[in-house]
file run-v9.cif (mmCIF, C-alpha atoms)
data_work
loop_
_atom_site.label_atom_id
_atom_site.label_comp_id
_atom_site.auth_asym_id
_atom_site.auth_seq_id
_atom_site.Cartn_x
_atom_site.Cartn_y
_atom_site.Cartn_z
CA MET A 1 90.82 115.40 78.05
CA PRO A 2 90.69 117.84 75.12
CA CYS A 3 93.23 120.65 74.84
CA TRP A 4 91.58 124.07 74.86
CA TYR A 5 94.66 126.20 74.23
CA TYR A 6 95.53 127.55 70.78
CA ASP A 7 98.34 129.55 69.25
CA LYS A 8 97.90 132.87 67.46
CA LYS A 9 97.86 131.26 64.03
CA GLU A 10 94.91 129.07 64.96
CA LEU A 11 93.08 132.07 66.43
CA ARG A 12 93.36 133.79 63.04
CA GLU A 13 91.86 130.79 61.23
CA THR A 14 88.65 130.33 63.18
CA PRO A 15 85.47 129.14 61.40
CA SER A 16 84.10 132.69 61.47
CA ILE A 17 87.17 134.12 59.73
CA LEU A 18 87.09 131.32 57.17
CA ASP A 19 83.41 132.14 56.65
CA GLY A 20 84.14 135.73 55.66
CA VAL A 21 84.09 137.55 59.02
CA THR A 22 87.07 139.84 59.49
CA TYR A 23 89.48 139.40 62.38
CA ASP A 24 88.46 142.66 64.08
CA THR A 25 84.76 141.91 63.67
CA GLU A 26 85.18 138.46 65.17
CA ARG A 27 86.97 139.92 68.18
CA ARG A 28 84.19 142.48 68.57
CA TYR A 29 81.56 139.74 68.47
CA ARG A 30 83.42 137.82 71.16
CA LYS A 31 83.65 140.92 73.33
CA GLU A 32 79.96 141.71 72.90
CA GLY A 33 78.95 138.15 73.77
CA ALA A 34 81.19 138.04 76.84
CA ARG A 35 79.93 141.39 78.15
CA PHE A 36 76.36 140.34 77.52
CA ILE A 37 76.89 137.23 79.67
CA MET A 38 78.43 139.33 82.45
CA GLU A 39 75.62 141.89 82.35
CA CYS A 40 72.88 139.26 82.19
CA GLY A 41 74.45 137.26 85.00
CA THR A 42 74.87 140.34 87.19
CA LYS A 43 71.20 141.27 86.83
CA MET A 44 70.20 137.73 87.78
CA GLY A 45 72.47 137.67 90.83
CA LEU A 46 74.83 134.95 89.59
CA GLY A 47 78.35 134.55 90.96
CA HIS A 48 81.53 135.47 89.16
CA ASN A 49 82.48 131.81 88.66
CA THR A 50 79.19 131.08 86.89
CA MET A 51 79.54 134.04 84.56
CA ALA A 52 83.20 133.27 83.85
CA THR A 53 82.36 129.65 83.06
CA GLY A 54 79.69 130.78 80.61
CA VAL A 55 82.17 133.10 78.88
CA VAL A 56 84.73 130.31 78.53
CA TYR A 57 82.05 128.07 76.99
CA PHE A 58 81.24 130.94 74.62
CA HIS A 59 84.83 131.32 73.43
CA ARG A 60 85.34 127.59 73.03
CA PHE A 61 82.12 127.19 71.06
CA TYR A 62 83.19 129.66 68.39
CA MET A 63 86.46 127.85 67.86
CA PHE A 64 84.32 125.24 66.08
CA HIS A 65 81.38 127.25 64.70
CA SER A 66 80.89 130.49 62.83
CA PHE A 67 79.16 133.63 64.05
CA LYS A 68 77.21 133.61 60.81
CA SER A 69 75.61 130.26 61.61
CA PHE A 70 74.93 130.84 65.33
CA PRO A 71 73.95 134.32 66.61
CA ARG A 72 76.14 135.38 69.47
CA TYR A 73 73.38 136.46 71.87
CA VAL A 74 71.46 133.18 71.56
CA THR A 75 74.70 131.30 72.15
CA ALA A 76 75.51 133.54 75.11
CA CYS A 77 72.16 132.75 76.76
CA CYS A 78 72.74 129.05 76.16
CA CYS A 79 76.24 129.22 77.68
CA LEU A 80 74.95 131.04 80.75
CA PHE A 81 72.11 128.54 81.10
CA LEU A 82 74.55 125.60 81.02
CA ALA A 83 77.09 127.31 83.30
CA GLY A 84 74.40 127.87 85.93
CA LYS A 85 73.74 124.15 86.11
CA VAL A 86 77.44 123.25 86.17
CA GLU A 87 78.29 125.74 88.95
CA GLU A 88 75.19 124.68 90.93
CA THR A 89 73.49 128.08 90.56
CA PRO A 90 70.80 127.11 88.04
CA LYS A 91 68.41 129.59 86.50
CA LYS A 92 65.35 128.84 84.44
CA CYS A 93 65.68 129.27 80.73
CA ARG A 94 62.69 131.57 80.54
CA ASP A 95 64.19 133.83 83.22
CA ILE A 96 67.43 134.15 81.24
CA ILE A 97 65.48 134.95 78.08
CA LYS A 98 63.38 137.51 79.97
CA THR A 99 66.53 139.20 81.25
CA ALA A 100 68.03 139.15 77.76
CA ARG A 101 64.89 140.76 76.37
CA GLY A 102 65.33 143.64 78.77
CA ILE A 103 68.94 144.15 77.69
CA LEU A 104 68.72 143.70 73.90
CA ASN A 105 66.79 145.83 71.47
CA ASP A 106 64.40 144.46 68.87
CA ASN A 107 67.15 144.34 66.26
CA TYR A 108 69.24 141.88 68.27
CA PHE A 109 66.40 139.96 69.90
CA TYR A 110 65.16 139.07 66.42
CA SER A 111 67.81 136.33 66.38
CA PHE A 112 65.87 134.43 69.10
CA GLY A 113 63.06 133.65 66.63
CA ASP A 114 59.42 132.91 67.38
CA ASP A 115 60.19 130.43 70.19
CA PRO A 116 63.28 131.67 72.10
CA LYS A 117 63.16 128.88 74.67
CA GLU A 118 63.20 126.20 71.98
CA GLU A 119 66.13 127.91 70.28
CA VAL A 120 68.18 127.98 73.49
CA MET A 121 67.26 124.46 74.59
CA THR A 122 68.09 123.00 71.18
CA LEU A 123 71.37 124.88 71.00
CA GLU A 124 72.36 123.41 74.38
CA ARG A 125 72.79 119.98 72.82
CA ILE A 126 75.07 121.41 70.14
CA LEU A 127 77.05 123.27 72.82
CA LEU A 128 77.58 120.09 74.85
CA GLN A 129 78.76 118.19 71.80
CA THR A 130 81.05 121.05 70.79
CA ILE A 131 82.81 121.36 74.13
CA LYS A 132 82.97 117.55 74.30
CA PHE A 133 81.15 117.52 77.66
CA ASP A 134 84.25 119.00 79.33
CA LEU A 135 82.29 121.10 81.81
CA GLN A 136 84.72 121.84 84.64
CA VAL A 137 86.60 125.11 84.12
CA GLU A 138 89.17 126.80 86.37
CA HIS A 139 89.42 130.58 86.52
CA PRO A 140 92.15 133.06 87.55
CA TYR A 141 90.07 134.30 90.49
CA THR A 142 91.08 131.39 92.71
CA PHE A 143 94.79 131.75 91.96
CA LEU A 144 94.65 135.53 92.31
CA LEU A 145 93.49 135.28 95.92
CA LYS A 146 95.89 132.44 96.63
CA TYR A 147 98.90 134.43 95.44
CA ALA A 148 97.82 137.68 97.10
CA LYS A 149 97.64 136.03 100.54
CA CYS A 150 101.38 135.33 100.34
CA PHE A 151 102.42 138.94 99.70
CA LYS A 152 103.94 141.11 102.41
CA GLY A 153 103.71 144.88 102.50
CA ASP A 154 101.38 147.79 103.10
CA GLN A 155 97.90 146.29 103.45
CA PRO A 156 95.89 149.22 102.02
CA LYS A 157 98.08 149.32 98.92
CA LEU A 158 97.93 145.55 98.69
CA GLN A 159 94.13 145.58 98.78
CA LYS A 160 94.02 148.28 96.12
CA MET A 161 96.34 146.24 93.91
CA VAL A 162 94.29 143.05 94.37
CA GLN A 163 91.06 144.89 93.54
CA MET A 164 92.62 146.26 90.36
CA ALA A 165 93.87 142.82 89.37
CA TRP A 166 90.40 141.40 90.01
CA ASN A 167 88.93 143.97 87.62
CA PHE A 168 91.53 143.04 85.02
CA VAL A 169 90.49 139.40 85.30
CA ASN A 170 86.88 140.42 84.69
CA ASP A 171 87.88 142.39 81.60
CA SER A 172 90.18 139.66 80.32
CA LEU A 173 87.13 137.48 79.73
CA SER A 174 86.29 139.75 76.80
CA THR A 175 89.56 138.72 75.14
CA VAL A 176 90.82 135.32 74.05
CA VAL A 177 93.55 134.92 76.66
CA CYS A 178 91.53 132.06 78.19
CA LEU A 179 92.11 130.22 74.88
CA GLN A 180 95.88 130.81 75.01
CA TRP A 181 97.11 130.41 78.58
CA GLU A 182 96.29 128.57 81.78
CA PRO A 183 94.44 130.47 84.55
CA GLU A 184 97.54 130.40 86.78
CA ILE A 185 99.59 132.29 84.19
CA ILE A 186 96.76 134.76 83.55
CA ALA A 187 96.53 135.49 87.27
CA VAL A 188 100.28 136.10 87.49
CA ALA A 189 100.25 138.42 84.46
CA LEU A 190 97.34 140.53 85.70
CA ILE A 191 98.79 140.81 89.22
CA HIS A 192 102.00 141.99 87.57
CA LEU A 193 100.04 144.56 85.54
CA ALA A 194 98.10 145.78 88.57
CA SER A 195 101.27 146.09 90.64
CA LYS A 196 102.85 148.28 87.95
CA LEU A 197 99.82 150.56 87.67
CA SER A 198 99.18 150.81 91.41
CA LYS A 199 102.91 151.26 92.16
CA PHE A 200 102.93 148.38 94.59
CA THR A 201 106.09 146.32 94.23
CA VAL A 202 106.11 142.85 95.72
CA LEU A 203 109.43 142.73 97.57
CA ASP A 204 108.80 139.86 99.97
CA TRP A 205 106.37 137.02 100.25
CA LEU A 206 105.69 133.97 102.38
CA GLY A 207 107.58 130.80 101.49
CA ARG A 208 110.34 132.61 99.64
CA GLN A 209 113.31 130.46 98.69
CA PRO A 210 116.83 131.51 97.63
CA GLN A 211 116.31 130.17 94.10
CA HIS A 212 113.21 132.33 93.56
CA GLN A 213 114.18 135.44 91.63
CA ARG A 214 110.60 136.72 91.26
CA TRP A 215 107.53 136.09 93.37
CA TRP A 216 105.75 134.02 90.70
CA ASP A 217 108.64 131.54 90.49
CA MET A 218 107.18 129.92 93.61
CA PHE A 219 103.86 129.22 91.88
CA VAL A 220 104.54 128.75 88.15
CA SER A 221 107.65 127.74 86.25
CA ASN A 222 109.08 128.64 82.85
CA VAL A 223 107.05 131.84 82.58
CA THR A 224 108.99 134.57 80.81
CA MET A 225 108.37 138.29 80.79
CA GLU A 226 107.41 138.07 77.12
CA ILE A 227 104.44 135.87 78.00
CA LEU A 228 103.30 138.17 80.79
CA GLU A 229 103.66 141.27 78.60
CA ASP A 230 101.68 139.64 75.81
CA ILE A 231 98.76 138.97 78.18
CA CYS A 232 98.97 142.49 79.59
CA HIS A 233 98.96 144.05 76.12
CA GLN A 234 95.88 142.07 75.09
CA VAL A 235 94.00 143.38 78.11
CA LEU A 236 95.20 146.96 77.58
CA ASP A 237 94.25 146.82 73.90
CA LEU A 238 90.74 146.04 75.03
CA TYR A 239 90.38 149.52 76.52
CA GLN A 240 91.68 151.19 73.37
CA SER A 241 89.23 149.29 71.18
CA THR A 242 86.37 150.34 73.46
CA GLN A 243 86.87 153.96 72.45
CA LYS A 244 86.30 153.08 68.80
CA GLU A 245 83.01 151.24 69.35
CA GLY A 246 80.93 154.38 68.95
CA GLN A 247 82.31 154.90 65.44
CA GLU A 248 81.50 151.40 64.21
CA PRO A 249 78.07 150.68 62.70
CA ASN A 250 75.71 148.33 64.48
CA SER A 251 75.59 144.76 63.32
CA PRO A 252 72.69 143.76 61.05
CA PRO A 253 70.02 141.57 62.61
CA GLN A 254 70.81 137.87 62.55
CA LYS A 255 68.38 135.07 61.86
CA PRO A 256 67.63 132.50 64.56
CA PRO A 257 69.87 129.42 64.57
CA SER A 258 67.03 127.33 63.16
CA ARG A 259 67.03 129.58 60.07
CA ALA A 260 70.68 130.61 60.05
CA ASP A 261 72.82 130.50 56.94
CA SER A 262 75.13 127.55 56.64
CA PRO A 263 78.78 128.02 55.71
CA THR A 264 79.34 128.45 51.99
CA THR A 265 81.29 125.87 50.03
CA THR A 266 83.73 126.38 47.20
CA THR A 267 82.93 123.20 45.28
CA ALA A 268 80.44 123.06 42.45
CA THR A 269 77.32 122.08 44.35
CA VAL A 270 73.60 122.64 44.00
CA THR A 271 71.66 123.71 47.11
CA THR A 272 68.05 124.39 47.88
CA ASN A 273 68.08 127.84 46.32
CA ALA A 274 68.97 126.25 42.98
CA ILE A 275 65.46 124.87 42.84
CA CYS A 276 63.68 127.80 44.53
CA PRO A 277 65.59 131.03 43.76
CA GLN A 278 65.50 133.60 46.55
CA PRO A 279 64.88 137.34 45.99
CA ALA A 280 67.77 139.75 46.02
CA ALA A 281 69.02 141.11 49.37
CA GLN A 282 67.63 144.43 50.50
CA PRO A 283 69.86 147.12 52.02
CA SER A 284 69.40 147.68 55.74
CA GLY A 285 69.09 150.98 57.51
CA ASN A 286 72.79 151.22 58.33
CA GLY A 287 73.99 150.50 54.81
CA GLY A 288 74.77 146.82 55.27
CA LEU A 289 73.14 143.95 53.42
CA ILE A 290 71.00 141.44 55.23
CA GLY A 291 71.92 137.99 53.98
CA GLU A 292 69.03 136.07 52.52
CA LEU A 293 68.00 132.50 53.22
CA ASN A 294 70.79 130.65 51.41
CA ASN A 295 71.80 127.08 52.17
CA ILE A 296 69.10 126.73 54.82
CA GLN A 297 69.87 124.18 57.48
CA SER A 298 67.96 123.39 60.60
CA ILE A 299 69.53 123.63 64.03
CA LYS A 300 67.76 120.44 64.99
CA SER A 301 69.54 118.62 62.19
CA LEU A 302 72.83 119.93 63.57
CA ALA A 303 71.91 118.66 67.01
CA ASN A 304 71.33 115.22 65.55
CA ALA A 305 74.60 115.42 63.62
CA MET A 306 72.92 115.22 60.24
CA PRO A 307 74.80 116.39 57.14
CA ILE A 308 74.03 119.63 55.35
CA ALA A 309 71.54 119.31 52.55
CA VAL A 310 74.03 119.88 49.72
CA VAL A 311 74.19 117.45 46.83
CA SER A 312 76.97 117.36 44.27
CA ILE A 313 75.77 116.87 40.70
CA PRO A 314 78.03 114.91 38.34
CA PRO A 315 78.90 116.56 35.01
CA PRO A 316 76.26 116.18 32.29
CA SER A 317 76.70 113.41 29.81
CA ASP A 318 76.04 115.62 26.76
CA GLY A 319 78.41 118.47 27.71
CA LEU A 320 75.86 120.92 29.17
CA PRO A 321 77.45 123.79 31.15
CA LEU A 322 76.99 124.23 34.88
CA PRO A 323 74.22 126.60 36.08
CA THR A 324 75.25 130.24 35.87
CA PRO A 325 73.71 133.38 37.43
CA ASN A 326 70.90 135.07 35.56
CA ALA A 327 71.79 137.94 33.32
CA GLY A 328 69.24 140.18 35.04
CA GLY A 329 71.49 140.56 38.11
CA GLY A 330 68.89 139.20 40.50
CA GLY A 331 71.40 136.83 42.07
CA GLY A 332 69.29 133.75 41.29
CA VAL A 333 70.46 130.57 39.62
CA ALA A 334 69.29 129.36 36.26
CA PRO A 335 67.01 126.32 36.39
CA LEU A 336 68.57 122.92 36.02
CA PRO A 337 68.28 121.00 32.75
CA PRO A 338 65.73 118.17 32.67
CA PRO A 339 66.79 114.97 34.36
CA SER A 340 67.04 113.18 31.05
CA ASN A 341 70.07 115.30 30.10
CA LEU A 342 71.97 114.48 33.27
CA ASN A 343 73.72 111.40 34.38
CA SER A 344 71.32 108.59 35.17
CA ASN A 345 72.53 108.35 38.76
CA ALA A 346 72.27 112.11 39.33
CA ALA A 347 68.74 112.23 37.95
CA ASN A 348 67.49 110.03 40.76
CA TYR A 349 69.12 112.09 43.56
CA HIS A 350 66.97 113.94 46.03
CA LEU A 351 68.12 117.10 47.75
CA TYR A 352 67.28 115.99 51.26
CA HIS A 353 67.75 112.23 51.16
CA ALA A 354 70.36 109.81 49.99
CA PRO A 355 69.60 107.78 46.84
CA PRO A 356 67.66 104.58 47.50
CA PRO A 357 69.74 101.40 47.72
CA PRO A 358 69.68 98.99 44.78
CA PRO A 359 67.12 96.19 44.97
CA PRO A 360 68.38 92.85 46.27
CA PRO A 361 69.18 90.17 43.70
CA VAL A 362 66.46 87.65 42.88
CA VAL A 363 67.45 84.16 44.00
CA PRO A 364 65.50 81.36 42.24
CA MET A 365 63.79 78.95 44.62
CA PRO A 366 62.85 75.33 43.77
CA PRO A 367 59.10 74.94 43.27
CA TYR A 368 57.04 73.09 45.85
CA ALA A 369 55.13 69.96 44.99
CA ALA A 370 51.47 70.43 44.18
CA ASN A 371 50.27 68.42 47.18
CA ALA A 372 53.05 69.53 49.59
CA TRP A 373 50.70 71.65 51.71
CA THR A 374 47.82 69.10 51.77
CA GLN A 375 49.68 65.95 52.90
CA GLN A 376 49.77 65.35 56.65
CA PRO A 377 52.53 63.25 58.26
CA PRO A 378 51.45 59.98 59.96
CA PRO A 379 51.05 60.10 63.73
CA PRO A 380 53.96 58.71 65.81
CA THR A 381 53.77 55.04 66.77
CA HIS A 382 55.54 55.15 70.14
CA TYR A 383 52.46 56.75 71.73
CA SER A 384 49.99 54.07 70.55
CA THR A 385 50.53 51.60 73.47
CA ALA A 386 50.10 52.53 77.11
CA ALA A 387 53.15 52.47 79.36
CA PRO A 388 53.30 49.80 82.10
CA PRO A 389 52.59 50.95 85.67
CA PRO A 390 55.57 51.54 87.97
CA PRO A 391 56.56 48.62 90.29
CA MET A 392 55.15 48.53 93.75
CA PRO A 393 57.45 48.61 96.83
CA PRO A 394 58.43 45.15 98.27
CA ASN A 395 56.47 43.43 101.02
CA MET A 396 58.29 44.04 104.32
CA GLY A 397 56.42 41.58 106.55
CA PRO A 398 52.95 40.63 107.78
CA GLY A 399 50.20 43.12 107.98
CA PRO A 400 49.13 45.05 111.03
CA PRO A 401 47.30 43.37 113.97
CA SER A 402 44.01 44.76 112.73
CA GLY A 403 44.16 42.27 109.90
CA GLY A 404 45.23 44.57 107.06
CA PRO A 405 47.45 43.44 104.21
CA PRO A 406 51.19 43.38 104.79
CA GLY A 407 53.00 46.36 103.30
CA TYR A 408 55.90 48.77 103.36
CA TYR A 409 54.59 51.22 105.96
CA ASN A 410 54.21 48.71 108.90
CA ALA A 411 57.61 47.06 108.47
CA GLY A 412 59.43 49.51 110.74
CA ARG A 413 56.94 49.06 113.57
CA GLN A 414 57.39 45.28 113.43
CA GLN A 415 61.15 45.58 113.90
CA GLN A 416 60.62 47.99 116.81
CA GLN A 417 58.34 45.51 118.55
CA GLN A 418 60.90 42.69 118.16
CA GLN A 419 63.64 44.85 119.72
CA GLN A 420 61.43 45.66 122.73
CA GLN A 421 60.65 41.96 123.28
CA GLN A 422 64.38 41.08 123.23
CA GLN A 423 65.17 43.77 125.81
CA GLN A 424 62.42 42.50 128.13
CA GLN A 425 63.78 38.96 127.94
CA ARG A 426 67.25 40.14 128.99
CA TYR A 427 66.04 41.80 132.16
CA GLN A 428 63.90 38.85 133.22
#
call {"tool": "encode", "arguments": {"input": "run-v9.cif", "output": "structure tokens"}}
result
Amino acid sequence: MPCWYYDKKELRETPSILDGVTYDTERRYRKEGARFIMECGTKMGLGHNTMATGVVYFHRFYMFHSFKSFPRYVTACCCLFLAGKVEETPKKCRDIIKTARGILNDNYFYSFGDDPKEEVMTLERILLQTIKFDLQVEHPYTFLLKYAKCFKGDQPKLQKMVQMAWNFVNDSLSTVVCLQWEPEIIAVALIHLASKLSKFTVLDWLGRQPQHQRWWDMFVSNVTMEILEDICHQVLDLYQSTQKEGQEPNSPPQKPPSRADSPTTTTATVTTNAICPQPAAQPSGNGGLIGELNNIQSIKSLANAMPIAVVSIPPPSDGLPLPTPNAGGGGGVAPLPPPSNLNSNAANYHLYHAPPPPPPPVVPMPPYAANAWTQQPPPPTHYSTAAPPPPMPPNMGPGPPSGGPPGYYNAGRQQQQQQQQQQQQRYQ
């Protein structure tokens, strides 16, 4: 069973951050993807467990992949599609895409490509491999209701507090607390937050024991106030960051996963744009730069676990320098020297295939005789004479009264007749 809980250091070293995405931008992408799943699921009439499961898949997926390689809205549709099947509330892929088209504008729906269904269906295989087929997810909703049933006090205030805690659980899905703590601890922390804000103090509860100092000691152990306050602050920070969203520019349009940019490498490598230079990036309407088609990799090759098409070139044998950018500032790469100037092994490399294996060694074989194929072996001699017939059964007495020859089949009748004659003589 894989462990899906990370510390804060690991959350600051995600593939997206290592790929050049800032920490705040990555958190904003996670929040946008989670809210998109909730909005899409609500319009399709899905339950809260299905939507929460899809959000957890979404957060776990981007602990292994970058937002630059996989657009968040395509991944969100794929997570919701898989969560519907896991929670036994399935929805057709085309219905999810149709709902997403009604929510997203043209700028964001561009990431679905020419065939949105194919993009989502292909990404599902990558999602299953990424989450290691660990499909069952528990959520704080179940524990929230379980704990609230044990509280004693004013029922109207209790219901108000539970409703507020339920809303906090919904909003916590836009954060990464599901990647840090178990659902039981999250439920305790958000009930604690709701009780403080609604001014409902849990003084007594069912099953209270003398050793229980606080109400959550009966359900979870070794949970300190520092842990609960950390979860509460992450949820409260979510509301403060929402006020700043209107000041942030919109994200540039992302390419579909089948044409997404692969993560850049720091080693001296030659990729596909070294052979076919790409034009310079054009500024977008909001001032950002749309990344061009560098290090193209297919999503289907990722689904089949194929390596990225990047080939390392050994140093030249005659001291030629590595390719450098053009002086014109176009961002292209100077053409490679002819293969004769490179190492002999590197000259035979292909960008998309491994080098062919060496030919097998030639083993000398003894020559055949000139008439070896024309001579026929003599026929076997043990089949020349006919086999003798099998022996006949022995003669068991004279033949039948009709005058036939004596044989095996009338011997039993002869003995039966002799026994009858002896019995008649005894009674006479």
call {"tool": "closest_residue", "arguments": {"input": "run-v9.cif", "among": "A:Lys146, A:Cys93, A:Leu173, A:Gly153", "to": "Ile37 of chain A", "atoms": "all atoms listed in the file"}}
result
A:Leu173
call {"tool": "resolve_selection", "arguments": {"input": "run-v9.cif", "expression": "the PyMOL selection byres ((chain A and resi 183-197) around 9)", "output": "ChimeraX atom specification"}}
result
/A:138-144,147-148,158,160-166,168-169,172,177-178,181-182,198-202,216,219-220,223,225,227-232,235
call {"tool": "resolve_selection", "arguments": {"input": "run-v9.cif", "expression": "the PyMOL selection byres ((chain A and resi 55) around 8)", "output": "VMD selection string"}}
result
chain A and resid 33 to 34 37 51 to 54 56 to 59 76 79 to 80 173
call {"tool": "write_last_selection", "arguments": {"input": "run-v9.cif", "atoms": "C-alpha atoms", "output": "compact mmCIF listing (two decimals), keeping the file's coordinate frame"}}
result
# COMPACT_ATOMS: atom_id res chain seq x y z
CA GLY A 33 78.95 138.15 73.77
CA ALA A 34 81.19 138.04 76.84
CA ILE A 37 76.89 137.23 79.67
CA MET A 51 79.54 134.04 84.56
CA ALA A 52 83.20 133.27 83.85
CA THR A 53 82.36 129.65 83.06
CA GLY A 54 79.69 130.78 80.61
CA VAL A 56 84.73 130.31 78.53
CA TYR A 57 82.05 128.07 76.99
CA PHE A 58 81.24 130.94 74.62
CA HIS A 59 84.83 131.32 73.43
CA ALA A 76 75.51 133.54 75.11
CA CYS A 79 76.24 129.22 77.68
CA LEU A 80 74.95 131.04 80.75
CA LEU A 173 87.13 137.48 79.73
call {"tool": "atom_distance", "arguments": {"input": "run-v9.cif", "atom1": "atom CA of Trp4 of chain A", "atom2": "atom CA of Thr89 of chain A"}}
result
24.3 Å
call {"tool": "closest_residue", "arguments": {"input": "run-v9.cif", "among": "A:Lys157, A:Gln416, A:Gln180, A:Leu128", "to": "Glu10 of chain A", "atoms": "all atoms listed in the file"}}
result
A:Gln180
call {"tool": "atom_distance", "arguments": {"input": "run-v9.cif", "atom1": "atom CA of His65 of chain A", "atom2": "atom CA of Pro116 of chain A"}}
result
20.0 Å
call {"tool": "resolve_selection", "arguments": {"input": "run-v9.cif", "expression": "the PyMOL selection byres ((chain A and resi 44-47) around 9)", "output": "number ranges by chain"}}
result
A: 39-43, 48-52, 84, 89-91, 95-96, 99
call {"tool": "atom_distance", "arguments": {"input": "run-v9.cif", "atom1": "atom CA of Leu135 of chain A", "atom2": "atom CA of Val176 of chain A"}}
result
18.3 Å
